[in-house]
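Shown below: work_38.pdb, with PDB, C-alpha atoms.
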ATOM      1  CA  MET A   1       0.000   0.000   0.000  1.00  0.00           C
ATOM      2  CA  ASN A   2       1.239   3.476  -0.900  1.00  0.00           C
ATOM      3  CA  PRO A   3      -0.033   5.857   1.823  1.00  0.00           C
ATOM      4  CA  ILE A   4       0.362   8.926  -0.414  1.00  0.00           C
ATOM      5  CA  LEU A   5      -2.440   7.528  -2.594  1.00  0.00           C
ATOM      6  CA  ILE A   6      -4.845   7.315   0.363  1.00  0.00           C
ATOM      7  CA  ASP A   7      -7.495  10.035   0.175  1.00  0.00           C
ATOM      8  CA  LEU A   8      -7.933  12.019   3.378  1.00  0.00           C
ATOM      9  CA  PRO A   9     -10.785  14.359   4.293  1.00  0.00           C
ATOM     10  CA  GLU A  10     -10.517  18.128   4.272  1.00  0.00           C
ATOM     11  CA  GLN A  11     -12.350  18.114   7.594  1.00  0.00           C
ATOM     12  CA  ILE A  12     -14.086  15.861  10.103  1.00  0.00           C
ATOM     13  CA  LEU A  13     -17.252  17.169  11.763  1.00  0.00           C
ATOM     14  CA  THR A  14     -18.924  16.301  15.055  1.00  0.00           C
ATOM     15  CA  PRO A  15     -21.861  18.087  16.694  1.00  0.00           C
ATOM     16  CA  ARG A  16     -19.535  20.683  18.285  1.00  0.00           C
ATOM     17  CA  VAL A  17     -16.071  20.479  16.703  1.00  0.00           C
ATOM     18  CA  LEU A  18     -14.435  20.700  13.310  1.00  0.00           C
ATOM     19  CA  LEU A  19     -11.127  18.885  12.812  1.00  0.00           C
ATOM     20  CA  ARG A  20      -8.844  19.709   9.909  1.00  0.00           C
ATOM     21  CA  HIS A  21      -5.197  19.538   8.947  1.00  0.00           C
ATOM     22  CA  PRO A  22      -3.027  22.626   9.508  1.00  0.00           C
ATOM     23  CA  ARG A  23      -2.634  25.140   6.702  1.00  0.00           C
ATOM     24  CA  GLN A  24      -0.284  27.993   6.000  1.00  0.00           C
ATOM     25  CA  GLY A  25      -1.416  30.945   8.093  1.00  0.00           C
ATOM     26  CA  ASP A  26      -2.818  28.885  10.991  1.00  0.00           C
ATOM     27  CA  GLY A  27       0.244  29.681  13.111  1.00  0.00           C
ATOM     28  CA  LYS A  28      -1.123  32.909  14.614  1.00  0.00           C
ATOM     29  CA  GLN A  29      -4.315  31.290  15.913  1.00  0.00           C
ATOM     30  CA  LEU A  30      -2.382  28.246  17.133  1.00  0.00           C
ATOM     31  CA  TYR A  31       0.091  30.484  18.954  1.00  0.00           C
ATOM     32  CA  GLU A  32      -2.756  32.328  20.706  1.00  0.00           C
ATOM     33  CA  ALA A  33      -4.281  29.015  21.851  1.00  0.00           C
ATOM     34  CA  ILE A  34      -0.915  27.788  23.156  1.00  0.00           C
ATOM     35  CA  ILE A  35       0.325  30.970  24.821  1.00  0.00           C
ATOM     36  CA  GLY A  36      -2.854  31.337  26.870  1.00  0.00           C
ATOM     37  CA  SER A  37      -2.396  27.821  28.270  1.00  0.00           C
ATOM     38  CA  LEU A  38       1.382  27.480  28.607  1.00  0.00           C
ATOM     39  CA  ASP A  39       1.384  26.614  32.322  1.00  0.00           C
ATOM     40  CA  HIS A  40      -1.396  24.092  31.677  1.00  0.00           C
ATOM     41  CA  LEU A  41       0.419  22.436  28.743  1.00  0.00           C
ATOM     42  CA  ARG A  42       4.078  22.685  29.809  1.00  0.00           C
ATOM     43  CA  PRO A  43       4.143  19.593  32.091  1.00  0.00           C
ATOM     44  CA  TRP A  44       2.950  17.326  29.254  1.00  0.00           C
ATOM     45  CA  MET A  45       3.968  18.877  25.926  1.00  0.00           C
ATOM     46  CA  SER A  46       7.661  19.293  25.103  1.00  0.00           C
ATOM     47  CA  TRP A  47       6.888  22.061  22.592  1.00  0.00           C
ATOM     48  CA  ALA A  48       5.070  24.219  25.189  1.00  0.00           C
ATOM     49  CA  SER A  49       8.051  26.260  26.348  1.00  0.00           C
ATOM     50  CA  SER A  50       8.228  29.882  27.444  1.00  0.00           C
ATOM     51  CA  GLU A  51      10.286  30.576  24.313  1.00  0.00           C
ATOM     52  CA  HIS A  52       7.335  29.606  22.116  1.00  0.00           C
ATOM     53  CA  SER A  53       6.534  32.248  19.492  1.00  0.00           C
ATOM     54  CA  ALA A  54       4.109  32.925  16.658  1.00  0.00           C
ATOM     55  CA  ALA A  55       6.938  32.064  14.246  1.00  0.00           C
ATOM     56  CA  ASN A  56       7.403  28.680  15.996  1.00  0.00           C
ATOM     57  CA  SER A  57       3.698  27.981  15.558  1.00  0.00           C
ATOM     58  CA  GLU A  58       3.727  28.912  11.883  1.00  0.00           C
ATOM     59  CA  ASP A  59       6.800  26.713  11.362  1.00  0.00           C
ATOM     60  CA  LEU A  60       4.959  23.879  13.128  1.00  0.00           C
ATOM     61  CA  VAL A  61       1.825  24.112  10.971  1.00  0.00           C
ATOM     62  CA  ARG A  62       3.822  24.281   7.725  1.00  0.00           C
ATOM     63  CA  ARG A  63       5.884  21.227   8.674  1.00  0.00           C
ATOM     64  CA  ALA A  64       2.716  19.409   9.758  1.00  0.00           C
ATOM     65  CA  HIS A  65       1.095  20.239   6.416  1.00  0.00           C
ATOM     66  CA  ALA A  66       4.083  18.708   4.590  1.00  0.00           C
ATOM     67  CA  LYS A  67       3.853  15.559   6.725  1.00  0.00           C
ATOM     68  CA  TRP A  68       0.107  15.398   6.015  1.00  0.00           C
ATOM     69  CA  ILE A  69       0.768  15.401   2.269  1.00  0.00           C
ATOM     70  CA  LEU A  70       3.384  12.646   2.671  1.00  0.00           C
ATOM     71  CA  ARG A  71       1.091  10.728   5.094  1.00  0.00           C
ATOM     72  CA  GLU A  72       3.957  10.628   7.615  1.00  0.00           C
ATOM     73  CA  GLY A  73       1.993  12.381  10.360  1.00  0.00           C
ATOM     74  CA  LEU A  74      -1.631  13.441  10.458  1.00  0.00           C
ATOM     75  CA  MET A  75      -1.754  16.436  12.789  1.00  0.00           C
ATOM     76  CA  MET A  76      -5.134  18.167  13.020  1.00  0.00           C
ATOM     77  CA  LEU A  77      -6.417  21.323  14.645  1.00  0.00           C
ATOM     78  CA  ILE A  78      -9.590  21.379  16.740  1.00  0.00           C
ATOM     79  CA  PHE A  79     -12.024  24.228  16.049  1.00  0.00           C
ATOM     80  CA  ASP A  80     -15.318  25.167  17.673  1.00  0.00           C
ATOM     81  CA  ARG A  81     -17.905  24.667  14.900  1.00  0.00           C
ATOM     82  CA  ALA A  82     -20.077  27.545  16.061  1.00  0.00           C
ATOM     83  CA  SER A  83     -17.447  30.248  16.592  1.00  0.00           C
ATOM     84  CA  GLY A  84     -14.452  29.081  14.546  1.00  0.00           C
ATOM     85  CA  GLU A  85     -12.246  29.408  17.639  1.00  0.00           C
ATOM     86  CA  LEU A  86      -9.134  27.202  17.618  1.00  0.00           C
ATOM     87  CA  LEU A  87      -9.482  25.024  20.708  1.00  0.00           C
ATOM     88  CA  GLY A  88      -6.429  22.769  20.559  1.00  0.00           C
ATOM     89  CA  GLY A  89      -4.683  20.069  18.628  1.00  0.00           C
ATOM     90  CA  THR A  90      -5.029  16.384  17.895  1.00  0.00           C
ATOM     91  CA  GLY A  91      -3.983  13.952  15.217  1.00  0.00           C
ATOM     92  CA  LEU A  92      -2.788  10.501  14.312  1.00  0.00           C
ATOM     93  CA  HIS A  93       0.779   9.567  15.221  1.00  0.00           C
ATOM     94  CA  ARG A  94       2.962   6.422  15.377  1.00  0.00           C
ATOM     95  CA  ILE A  95       1.352   5.438  12.105  1.00  0.00           C
ATOM     96  CA  ASN A  96       1.854   1.892  10.848  1.00  0.00           C
ATOM     97  CA  TRP A  97       0.167   1.690   7.452  1.00  0.00           C
ATOM     98  CA  GLU A  98       0.890  -2.040   7.215  1.00  0.00           C
ATOM     99  CA  VAL A  99      -1.471  -2.953  10.087  1.00  0.00           C
ATOM    100  CA  PRO A 100      -2.927  -0.220   9.826  1.00  0.00           C
ATOM    101  CA  SER A 101      -2.660   1.267  13.334  1.00  0.00           C
ATOM    102  CA  PHE A 102      -2.626   4.805  14.680  1.00  0.00           C
ATOM    103  CA  GLU A 103      -2.050   6.638  17.949  1.00  0.00           C
ATOM    104  CA  ILE A 104      -4.362   9.530  18.839  1.00  0.00           C
ATOM    105  CA  GLY A 105      -2.829  12.479  20.669  1.00  0.00           C
ATOM    106  CA  TYR A 106      -4.678  15.530  21.957  1.00  0.00           C
ATOM    107  CA  TRP A 107      -4.558  18.779  23.911  1.00  0.00           C
ATOM    108  CA  ILE A 108      -7.054  21.571  24.527  1.00  0.00           C
ATOM    109  CA  LYS A 109      -6.594  25.070  25.848  1.00  0.00           C
ATOM    110  CA  LYS A 110      -7.338  25.509  29.519  1.00  0.00           C
ATOM    111  CA  SER A 111     -10.388  27.738  29.060  1.00  0.00           C
ATOM    112  CA  ARG A 112     -12.225  24.938  27.204  1.00  0.00           C
ATOM    113  CA  GLU A 113     -11.182  22.041  29.432  1.00  0.00           C
ATOM    114  CA  GLY A 114     -13.858  19.874  31.057  1.00  0.00           C
ATOM    115  CA  GLN A 115     -16.535  20.401  28.394  1.00  0.00           C
ATOM    116  CA  GLY A 116     -16.275  16.975  26.739  1.00  0.00           C
ATOM    117  CA  LEU A 117     -14.708  18.410  23.577  1.00  0.00           C
ATOM    118  CA  ILE A 118     -11.690  16.094  23.711  1.00  0.00           C
ATOM    119  CA  SER A 119     -13.926  13.054  24.169  1.00  0.00           C
ATOM    120  CA  GLU A 120     -15.892  14.180  21.129  1.00  0.00           C
ATOM    121  CA  THR A 121     -12.648  14.625  19.197  1.00  0.00           C
ATOM    122  CA  VAL A 122     -11.344  11.169  20.189  1.00  0.00           C
ATOM    123  CA  ILE A 123     -14.614   9.494  19.196  1.00  0.00           C
ATOM    124  CA  ALA A 124     -14.488  11.239  15.808  1.00  0.00           C
ATOM    125  CA  LEU A 125     -10.887  10.233  15.110  1.00  0.00           C
ATOM    126  CA  THR A 126     -11.426   6.677  16.328  1.00  0.00           C
ATOM    127  CA  ARG A 127     -14.412   6.282  14.021  1.00  0.00           C
ATOM    128  CA  PHE A 128     -12.484   7.817  11.138  1.00  0.00           C
ATOM    129  CA  CYS A 129      -9.575   5.413  11.745  1.00  0.00           C
ATOM    130  CA  PHE A 130     -11.825   2.355  11.654  1.00  0.00           C
ATOM    131  CA  GLU A 131     -14.290   3.444   8.977  1.00  0.00           C
ATOM    132  CA  GLY A 132     -12.170   5.700   6.782  1.00  0.00           C
ATOM    133  CA  LEU A 133      -8.690   4.219   7.127  1.00  0.00           C
ATOM    134  CA  LYS A 134      -9.680   0.583   7.854  1.00  0.00           C
ATOM    135  CA  ALA A 135      -7.559   0.564  10.999  1.00  0.00           C
ATOM    136  CA  LYS A 136      -7.200  -2.596  13.031  1.00  0.00           C
ATOM    137  CA  ARG A 137      -5.841  -0.815  16.119  1.00  0.00           C
ATOM    138  CA  VAL A 138      -6.070   2.656  17.648  1.00  0.00           C
ATOM    139  CA  GLU A 139      -3.863   3.610  20.606  1.00  0.00           C
ATOM    140  CA  ILE A 140      -3.737   6.391  23.153  1.00  0.00           C
ATOM    141  CA  ARG A 141      -0.525   6.784  25.212  1.00  0.00           C
ATOM    142  CA  ILE A 142      -0.487   8.979  28.309  1.00  0.00           C
ATOM    143  CA  GLU A 143       1.846   9.883  31.137  1.00  0.00           C
ATOM    144  CA  PRO A 144       0.489   8.338  34.395  1.00  0.00           C
ATOM    145  CA  ALA A 145       0.392  11.685  36.225  1.00  0.00           C
ATOM    146  CA  ASN A 146      -1.824  13.298  33.568  1.00  0.00           C
ATOM    147  CA  ALA A 147      -5.130  12.488  35.271  1.00  0.00           C
ATOM    148  CA  ARG A 148      -7.387  14.544  32.974  1.00  0.00           C
ATOM    149  CA  SER A 149      -5.980  12.923  29.838  1.00  0.00           C
ATOM    150  CA  LEU A 150      -6.171   9.445  31.383  1.00  0.00           C
ATOM    151  CA  ALA A 151      -9.885   9.934  32.034  1.00  0.00           C
ATOM    152  CA  VAL A 152     -10.681  10.224  28.305  1.00  0.00           C
ATOM    153  CA  PRO A 153      -9.844   6.692  27.072  1.00  0.00           C
ATOM    154  CA  ARG A 154     -11.204   5.202  30.289  1.00  0.00           C
ATOM    155  CA  ARG A 155     -14.510   7.047  29.809  1.00  0.00           C
ATOM    156  CA  LEU A 156     -14.701   5.909  26.172  1.00  0.00           C
ATOM    157  CA  GLY A 157     -14.086   2.227  26.916  1.00  0.00           C
ATOM    158  CA  PHE A 158     -10.570   1.840  25.540  1.00  0.00           C
ATOM    159  CA  ASN A 159      -8.739  -1.204  26.877  1.00  0.00           C
ATOM    160  CA  GLU A 160      -5.993  -0.295  29.356  1.00  0.00           C
ATOM    161  CA  GLU A 161      -3.207  -2.594  28.203  1.00  0.00           C
ATOM    162  CA  GLY A 162      -0.571  -1.713  30.746  1.00  0.00           C
ATOM    163  CA  VAL A 163       2.318   0.556  31.630  1.00  0.00           C
ATOM    164  CA  LEU A 164       5.563   0.893  29.703  1.00  0.00           C
ATOM    165  CA  ARG A 165       8.123   1.596  32.407  1.00  0.00           C
ATOM    166  CA  ASN A 166      10.853   4.210  31.763  1.00  0.00           C
ATOM    167  CA  SER A 167       9.631   4.415  28.191  1.00  0.00           C
ATOM    168  CA  ASP A 168      10.316   8.074  27.510  1.00  0.00           C
ATOM    169  CA  ARG A 169      11.603  11.357  28.916  1.00  0.00           C
ATOM    170  CA  ASP A 170       9.254  13.930  30.377  1.00  0.00           C
ATOM    171  CA  THR A 171       9.490  17.653  29.621  1.00  0.00           C
ATOM    172  CA  SER A 172      12.153  18.016  32.359  1.00  0.00           C
ATOM    173  CA  GLY A 173      14.268  15.258  30.832  1.00  0.00           C
ATOM    174  CA  ASP A 174      13.487  12.740  33.568  1.00  0.00           C
ATOM    175  CA  LEU A 175      12.466   9.173  32.745  1.00  0.00           C
ATOM    176  CA  ARG A 176       8.736   8.562  32.796  1.00  0.00           C
ATOM    177  CA  ASP A 177       6.292   5.720  32.352  1.00  0.00           C
ATOM    178  CA  THR A 178       3.562   5.563  29.709  1.00  0.00           C
ATOM    179  CA  VAL A 179       0.070   4.093  30.074  1.00  0.00           C
ATOM    180  CA  VAL A 180      -1.085   2.415  26.854  1.00  0.00           C
ATOM    181  CA  PHE A 181      -4.759   2.180  25.880  1.00  0.00           C
ATOM    182  CA  SER A 182      -6.115   0.542  22.756  1.00  0.00           C
ATOM    183  CA  ARG A 183      -9.265  -0.064  20.827  1.00  0.00           C
ATOM    184  CA  LEU A 184      -9.504  -2.673  18.062  1.00  0.00           C
ATOM    185  CA  SER A 185     -11.771  -2.725  15.040  1.00  0.00           C
ATOM    186  CA  ALA A 186     -13.421  -5.803  16.568  1.00  0.00           C
ATOM    187  CA  ASP A 187     -14.430  -3.766  19.645  1.00  0.00           C
ATOM    188  CA  GLY A 188     -17.118  -1.929  17.682  1.00  0.00           C
ATOM    189  CA  LEU A 189     -17.691   1.741  16.929  1.00  0.00           C
ATOM    190  CA  LEU A 190     -18.191   4.498  19.466  1.00  0.00           C
ATOM    191  CA  GLU A 191     -21.599   6.103  18.938  1.00  0.00           C
ATOM    192  CA  MET A 192     -21.796   9.751  17.881  1.00  0.00           C
ATOM    193  CA  GLU A 193     -22.739  11.691  14.784  1.00  0.00           C
ATOM    194  CA  VAL A 194     -19.509  12.082  12.782  1.00  0.00           C
ATOM    195  CA  SER A 195     -19.099  13.040   9.134  1.00  0.00           C
ATOM    196  CA  TRP A 196     -16.297  13.664   6.671  1.00  0.00           C
ATOM    197  CA  GLN A 197     -15.903  14.081   2.971  1.00  0.00           C
ATOM    198  CA  LEU A 198     -12.837  12.968   1.076  1.00  0.00           C
ATOM    199  CA  SER A 199     -11.042  15.660  -0.902  1.00  0.00           C
TER     200      SER A 199
END

Could you take the file, read its structure, and then write that structure out as structure tokens?
Amino acid sequence: MNPILIDLPEQILTPRVLLRHPRQGDGKQLYEAIIGSLDHLRPWMSWASSEHSAANSEDLVRRAHAKWILREGLMMLIFDRASGELLGGTGLHRINWEVPSFEIGYWIKKSREGQGLISETVIALTRFCFEGLKAKRVEIRIEPANARSLAVPRRLGFNEEGVLRNSDRDTSGDLRDTVVFSRLSADGLLEMEVSWQLS
């Protein structure tokens, strides 16, 4: 299979959010979402440093767009459908097109935390993986201390497979563990209205 020949949607819609790949010019809005939540994001996201700038964000979205085209990484931005506000980021990582399998990552700015928007986003991406990309496995990997993020896959019925000990470095450079969750195509679809149209 040649991943570059796989058609991907311009956007994925749920009742409250719109997910789409980054485009040139998205850096300013992304920067504003990040900078207002730096203290909230810094413990978990290596890119959330005090040196972060609008130029860093624009560089990030342009590189992510290139990876999207090459199907090497499928970063997406989360927007509020009603207002157009950029809420955070998500996407498909650790892609193995041979299985196929994908890891979902996510973050949301602090002011929109606790509203179920990340759960909605994860349901949408999980359904897209299984229905649109014919995935056999979807993963979510989270640092054990990140209680809010851990609650999402647990709430959505992902299988908690275990803990990878000393599997990575945290944002301070210290060794950390990783909790691995998975959902298989055989586990069935998560229910929610989700739509997408291939470009």

Chain and number of each residue from the PyMOL selection byres ((chain A and resi 196) around 9), as number ranges by chain = A: 9-13, 128, 132, 194-195, 197-198

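Take the PyMOL selection byres ((chain A and resi 185) around 7) and apply it to this file: it picks Phe130, Ala135, Lys136, Arg137, Arg183, Leu184, Ala186, Asp187 and Gly188 of chain A.
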
re atom CA of Thr121 of chain A and atom CA of Pro153 of chain A: distance 11.5 Å

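The residues returned by the PyMOL selection byres ((chain A and resi 112) around 12) on the shown structure are Ala33, Gly36, Ser37, His40, Ile78, Phe79, Asp80, Glu85, Leu86, Leu87, Gly88, Trp107, Ile108, Lys109, Lys110, Ser111, Glu113, Gly114, Gln115, Gly116, Leu117 and Ile118 of chain A.
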
Residues within 12 Å of Ile35 of chain A, all atoms listed in the file, excluding chain neighbours under 3 positions, as a PyMOL selection string = chain A and resi 27-32+38-42+47-54+56-57+88+108-111

Neighbours of segment 175-180 of chain A within 12 Å (all atoms listed in the file; same-chain residues fewer than 2 positions away dropped), as number ranges by chain?
-> A: 43-44, 103-105, 138-147, 149-151, 153-154, 158-173, 182-183

Which distance in Å separates atom CA of Thr126 of chain A and atom CA of Arg63 of chain A, to one decimal?
->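 Atom-to-atom, atom CA of Thr126 of chain A to atom CA of Arg63 of chain A, that is 23.9 Å.
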
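Shortest separation to Met76 of chain A among A:Val122, A:Leu5, A:Trp97, A:Gly157 occurs at residue A:Val122, atoms counted being all atoms listed in the file.
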
Please indicate the distance in Å from atom CA of Leu190 of chain A to atom CA of Leu156 of chain A, rounded to one decimal place.
-> 7.7 Å

Counting only C-alpha atoms, the residue among A:Val152, A:Ile34, A:Ala66, A:Leu133 that lies closest to Gly89 of chain A is A:Ile34

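With all atoms listed in the file as the basis for measurement, A:Tyr106 is the residue among A:Lys67, A:Met45, A:Val61, A:Tyr106 that approaches Ile123 of chain A most closely.
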